[in-house]
2 protein chains.
Amino acid sequence: MTADIKFDPLPSWNDCAAKRAILAFLPRVTDETSSDFIPMSDRVAVFDNDGTLWPENPIPFQAAFGFDELHRRVKAEPELSASPMVLAALECDFGTLLEDGYAGLREVIALTHAEITTDAFRDAVETWLAVSRHPRFGRRYDELTYQPMQELLRLLDGRGFKNFIVSGGGVDFMRVWVERVYGIPHERVVGSTARPSFELRDGVPVLTKSLEHLFVNDKHAKPVGIHQFIGRRPIMCCGNSDGDHAMLQYTTIGNPRPNFGLIVHHTDGEREYAYDAETKSTGKLVAALAEAPARGWHVVDMKRDWKTVFGHTDF
Amino acid sequence: MTADIKFDPLPSWNDCAAKRAILAFLPRVTDETSSDFIPMSDRVAVFDNDGTLWPENPIPFQAAFGFDELHRRVKAEPELSASPMVLAALECDFGTLLEDGYAGLREVIALTHAEITTDAFRDAVETWLAVSRHPRFGRRYDELTYQPMQELLRLLDGRGFKNFIVSGGGVDFMRVWVERVYGIPHERVVGSTARPSFELRDGVPVLTKSLEHLFVNDKHAKPVGIHQFIGRRPIMCCGNSDGDHAMLQYTTIGNPRPNFGLIVHHTDGEREYAYDAETKSTGKLVAALAEAPARGWHVVDMKRDWKTVFGHTDF
């Protein structure tokens, strides 16, 4: 197979073990003469988003959206800032919001992600993306995807894989930009959801976001989300944190089909961020990393294995 | 456009208003020179299943599966038949099961669709399909899809539409056969769901079905399911009952894009079943039918408009 490659499909990757493993795995499952051949319908690849396809620092981008929305709302309704959790959010104090089972985060989500029509929410995300810049890199948030992972998505797509996002992020937040940014269609986005309500308002159909039946698509819930939304066990799983541990297990343990697990390890404090056991944002990585060698999960060392993080311009 | 057609893409349809409307709508939205052109990513078509793509008589096929499973279980655990609802199910008394807000049906579902691994459930459905025959037509249930609707699915697929099932049926039940029978992949099946649980059992990942957070994808819930699973407003919607009323409204009222609503009206007691306001199974059709003329929804008269119901062999 490697002899057949006329060009390098992963040009932003250095010649490393993970890259060689990817390039060995693909012909094994896509070459019809291979005994491990997998038909296209079963070539399901799942990708975590925050920390796997784009950064999750200094805070997850959706949290930045929520906090910015909250600033906007507090200007109009100053009484909101009576809540200590709203104050924490206004100060970007992510740690406080995550205490007590995410109580603060839930309060912020209720104020910024509910009691709003799905159309108005989509417009709010579009507007935010257009006017906001990442505090360190000075770029639009949706320009900060990892170039090596974009190459992997495109390589898999070209080999008949179906790429799915399986993220703790909100489905409604991600669908605004995921097709434009990753070429992944809306129905291939699995994420946190809640049930909107449907009504005819003045004779016109309206869906309004709520927090009812909230489904937080993280940790043990990721295989659940995969089953509910995709309905097929993945053969490839890419994550970066213990939030992806369960879906790495679901993809690779006892799977009768050949399969591939990959962990993006954040080792590059210079070009991006360096964290694993200790993180000020999300993305804690301990258990999955410890289990990786025994399971054969490929660990990508961002600093060592990637020629570039964000593409032609690393900032 | 009609002048360009070298063959009839809907050969099982008589020349009727609905067929002419379909054949006029498609070039309008798929021809790049048309002012109403819709890009492929937005060509979402949603289809109800029971009564729209296959029959729902004498009872919905999934109910037949559940009742057969119940018979099997009662043989091993005769004490189960102490419940009046189990008895009603064993006698295929669908009316009693639907009383009191579907209390009986829920009991049957709990006994046949929960506390079972997703793998074991899939195997049970496969086995049932292989050994069961429809009581009137004597055929495998999955051989009883409507030939004219199969032609419509294929026509849309060929014109760059994405076809989705949006059914009150269980997602896990449908995904067993939907790809083989309709050519629709697993992730394009929207239906009733509940959250399975995930665990490593003896070190191996296992998903177990439950009734937690049950989502019954019917009536007002259908636009909700469409939003959660597809994330895009459909431009075409095909249904047959008041259970599809809300998604017909969601597709066609105030939609800025050209759109198409279609109702399959069961008028053919000879080749299939005749019912609308009165039905012994599901599929009651009153409100949606009354609203059809004002909304421009196309009503298919199965007896008059379809040359055949099930294909080359009508039984």
# chains A, B, ... in the order shown; residues from 1 in each chain; ligands from 1
>>> closest_atom_pairs(of="chain A", to="chain B", cutoff="7 Å", atoms="only C-alpha atoms", output="JSON lines")
{"residue": "A:His186", "atom": "CA", "partner": "B:Gly231", "partner_atom": "CA", "distance": 5.7}
{"residue": "A:Glu187", "atom": "CA", "partner": "B:Ile230", "partner_atom": "CA", "distance": 4.5}
{"residue": "A:Arg195", "atom": "CA", "partner": "B:Val224", "partner_atom": "CA", "distance": 6.8}
{"residue": "A:Pro196", "atom": "CA", "partner": "B:Val224", "partner_atom": "CA", "distance": 6.1}
{"residue": "A:Ser197", "atom": "CA", "partner": "B:Val224", "partner_atom": "CA", "distance": 6.8}
{"residue": "A:Phe198", "atom": "CA", "partner": "B:His220", "partner_atom": "CA", "distance": 6.2}
{"residue": "A:Val204", "atom": "CA", "partner": "B:Gly254", "partner_atom": "CA", "distance": 6.0}
{"residue": "A:Pro205", "atom": "CA", "partner": "B:Tyr250", "partner_atom": "CA", "distance": 5.6}
{"residue": "A:His213", "atom": "CA", "partner": "B:His213", "partner_atom": "CA", "distance": 6.6}
{"residue": "A:His220", "atom": "CA", "partner": "B:Phe198", "partner_atom": "CA", "distance": 6.2}
{"residue": "A:Pro223", "atom": "CA", "partner": "B:Phe198", "partner_atom": "CA", "distance": 6.9}
{"residue": "A:Val224", "atom": "CA", "partner": "B:Pro196", "partner_atom": "CA", "distance": 6.1}
{"residue": "A:Phe229", "atom": "CA", "partner": "B:Glu187", "partner_atom": "CA", "distance": 6.0}
{"residue": "A:Ile230", "atom": "CA", "partner": "B:Glu187", "partner_atom": "CA", "distance": 4.5}
{"residue": "A:Gly231", "atom": "CA", "partner": "B:His186", "partner_atom": "CA", "distance": 5.7}
{"residue": "A:Gln249", "atom": "CA", "partner": "B:Pro205", "partner_atom": "CA", "distance": 6.9}
{"residue": "A:Tyr250", "atom": "CA", "partner": "B:Pro205", "partner_atom": "CA", "distance": 5.6}
{"residue": "A:Ile253", "atom": "CA", "partner": "B:Val204", "partner_atom": "CA", "distance": 6.2}
{"residue": "A:Gly254", "atom": "CA", "partner": "B:Val204", "partner_atom": "CA", "distance": 6.0}
>>> write_last_selection(atoms="N, CA and C atoms", output="CSV table (one decimal), in the first residue's frame")
chain,number,residue,atom,x,y,z
A,186,HIS,N,-24.7,17.7,9.3
A,186,HIS,CA,-25.4,17.9,10.6
A,186,HIS,C,-25.7,16.6,11.3
A,187,GLU,N,-26.2,15.6,10.5
A,187,GLU,CA,-26.7,14.4,11.1
A,187,GLU,C,-25.5,13.5,11.6
A,195,ARG,N,-34.3,18.2,25.0
A,195,ARG,CA,-35.5,18.2,24.1
A,195,ARG,C,-36.1,19.6,23.9
A,196,PRO,N,-36.1,20.1,22.7
A,196,PRO,CA,-36.8,21.4,22.5
A,196,PRO,C,-38.3,21.1,22.5
A,197,SER,N,-39.1,22.1,22.6
A,197,SER,CA,-40.5,22.0,22.5
A,197,SER,C,-41.0,22.5,21.2
A,198,PHE,N,-42.0,21.9,20.6
A,198,PHE,CA,-42.6,22.3,19.3
A,198,PHE,C,-43.9,22.9,19.5
A,204,VAL,N,-47.0,29.6,12.9
A,204,VAL,CA,-45.8,29.2,12.3
A,204,VAL,C,-45.0,28.3,13.3
A,205,PRO,N,-44.4,27.2,12.7
A,205,PRO,CA,-43.7,26.2,13.6
A,205,PRO,C,-42.5,26.8,14.3
A,213,HIS,N,-34.7,16.7,29.8
A,213,HIS,CA,-34.1,15.4,29.4
A,213,HIS,C,-32.6,15.7,28.9
A,220,HIS,N,-19.1,7.9,30.1
A,220,HIS,CA,-19.9,6.7,29.8
A,220,HIS,C,-21.0,7.0,28.9
A,223,PRO,N,-20.5,6.2,24.5
A,223,PRO,CA,-21.0,5.0,23.8
A,223,PRO,C,-22.6,5.0,23.7
A,224,VAL,N,-23.2,5.6,24.7
A,224,VAL,CA,-24.7,5.6,24.6
A,224,VAL,C,-25.1,6.6,23.5
A,229,PHE,N,-27.5,7.7,18.3
A,229,PHE,CA,-27.4,8.6,17.1
A,229,PHE,C,-26.8,7.9,15.9
A,230,ILE,N,-25.9,7.0,16.0
A,230,ILE,CA,-25.2,6.4,14.9
A,230,ILE,C,-25.7,4.9,14.7
A,231,GLY,N,-25.9,4.2,15.8
A,231,GLY,CA,-26.4,2.9,15.7
A,231,GLY,C,-25.5,1.8,15.2
A,249,GLN,N,-12.8,2.5,24.7
A,249,GLN,CA,-13.1,1.1,25.1
A,249,GLN,C,-14.1,0.5,24.2
A,250,TYR,N,-15.2,1.2,23.9
A,250,TYR,CA,-16.3,0.7,23.1
A,250,TYR,C,-15.9,0.4,21.7
A,253,ILE,N,-12.4,-2.7,22.5
A,253,ILE,CA,-12.4,-4.0,23.3
A,253,ILE,C,-13.5,-4.9,22.8
A,254,GLY,N,-13.1,-6.1,22.5
A,254,GLY,CA,-14.1,-7.1,22.1
A,254,GLY,C,-14.8,-6.8,20.8
>>> residues_around(residues="region 21-27 of chain B", least_positions_apart="5", cutoff="10 Å", atoms="only C-alpha atoms", output="list in words")
Met1, Thr2, Ile5, Asp8, Pro9, Leu10, Cys16, Glu32, Thr33, Ser34, Asp36, Phe37, Leu152, Leu155, Leu156, Arg159, Phe161, Met236, Pro258, Asn259, Phe260, Gly261, Leu262 and His298 of chain B
>>> select_by_dssp(residues="region 11-154 of chain A", states="strand (DSSP E)", output="PyMOL selection string")
chain A and resi 44-47
>>> closest_residue(among="A:Arg257, A:Asp276, A:Glu270, A:Val131", to="Val29 (chain A)", atoms="only C-alpha atoms")
A:Arg257
>>> residues_around(residues="Asp157 (chain B)", least_positions_apart="5", cutoff="10 Å", atoms="only C-alpha atoms", output="PDB file with N, CA and C atoms, in the first residue's frame")
ATOM      1  N   ARG B  43     -31.149  19.084   1.012  1.00  0.00           N
ATOM      2  CA  ARG B  43     -32.237  18.266   0.448  1.00  0.00           C
ATOM      3  C   ARG B  43     -32.574  17.118   1.391  1.00  0.00           C
ATOM      4  N   ALA B  45     -35.264  14.744   3.093  1.00  0.00           N
ATOM      5  CA  ALA B  45     -36.619  14.198   2.960  1.00  0.00           C
ATOM      6  C   ALA B  45     -36.882  13.265   4.138  1.00  0.00           C
ATOM      7  N   GLU B 151     -39.852   3.284  -4.940  1.00  0.00           N
ATOM      8  CA  GLU B 151     -39.428   4.013  -6.150  1.00  0.00           C
ATOM      9  C   GLU B 151     -39.176   5.484  -5.835  1.00  0.00           C
ATOM     10  N   LEU B 152     -40.021   6.049  -4.974  1.00  0.00           N
ATOM     11  CA  LEU B 152     -39.827   7.458  -4.601  1.00  0.00           C
ATOM     12  C   LEU B 152     -38.524   7.638  -3.814  1.00  0.00           C
ATOM     13  N   LYS B 162     -31.171  13.406   0.859  1.00  0.00           N
ATOM     14  CA  LYS B 162     -30.913  12.466   1.943  1.00  0.00           C
ATOM     15  C   LYS B 162     -32.257  12.037   2.496  1.00  0.00           C
ATOM     16  N   ASN B 163     -32.547  10.748   2.397  1.00  0.00           N
ATOM     17  CA  ASN B 163     -33.795  10.215   2.941  1.00  0.00           C
ATOM     18  C   ASN B 163     -33.598   9.788   4.394  1.00  0.00           C
ATOM     19  N   GLY B 183     -32.223   0.894   1.828  1.00  0.00           N
ATOM     20  CA  GLY B 183     -30.976   1.551   1.452  1.00  0.00           C
ATOM     21  C   GLY B 183     -30.705   2.801   2.278  1.00  0.00           C
ATOM     22  N   ILE B 184     -31.320   2.895   3.435  1.00  0.00           N
ATOM     23  CA  ILE B 184     -31.133   4.059   4.307  1.00  0.00           C
ATOM     24  C   ILE B 184     -30.190   3.676   5.445  1.00  0.00           C
TER      25      ILE B 184
END
>>> residues_around(residues="Asp123 (chain A)", least_positions_apart="3", cutoff="12 Å", atoms="only C-alpha atoms", output="list in words")
Ile116, Thr117, Thr118, Asp119, Ala120, Glu126, Thr127, Trp128, Leu129, Ala130, Asp172, Phe173, Arg175, Val176 and Trp177 of chain A
>>> closest_residue(among="B:Leu98, B:Leu153, B:Tyr141, B:Ile263", to="Ala288 (chain B)", atoms="only C-alpha atoms")
B:Ile263
>>> atom_distance(atom1="CA of Glu107 (chain A)", atom2="CA of Ala287 (chain A)")
29.1 Å
>>> closest_residue(among="B:Phe65, B:Trp13, B:Trp54, B:Tyr182", to="Ala124 (chain B)", atoms="only C-alpha atoms")
B:Phe65
>>> residues_around(residues="Thr112 (chain B)", least_positions_apart="4", cutoff="8 Å", atoms="only C-alpha atoms", output="PyMOL selection string")
chain B and resi 66+69-70+108
>>> atom_distance(atom1="CA of Phe94 (chain B)", atom2="CA of His71 (chain B)")
15.1 Å
>>> atom_distance(atom1="CA of Val264 (chain B)", atom2="CA of Asp301 (chain B)")
6.7 Å
>>> closest_residue(among="B:Thr267, B:Asn49, B:Thr308, B:Thr30", to="Phe61 (chain B)", atoms="only C-alpha atoms")
B:Asn49
>>> select_by_dssp(residues="region 87-279 of chain A", states="alpha helix (DSSP H)", output="PyMOL selection string")
chain A and resi 87-90+94-112+118-131+147-158+171-174+178-182+221-225+245-252
>>> closest_residue(among="B:Ala18, B:Ile165, B:Arg140, B:Tyr146", to="Cys237 (chain B)", atoms="only C-alpha atoms")
B:Ile165
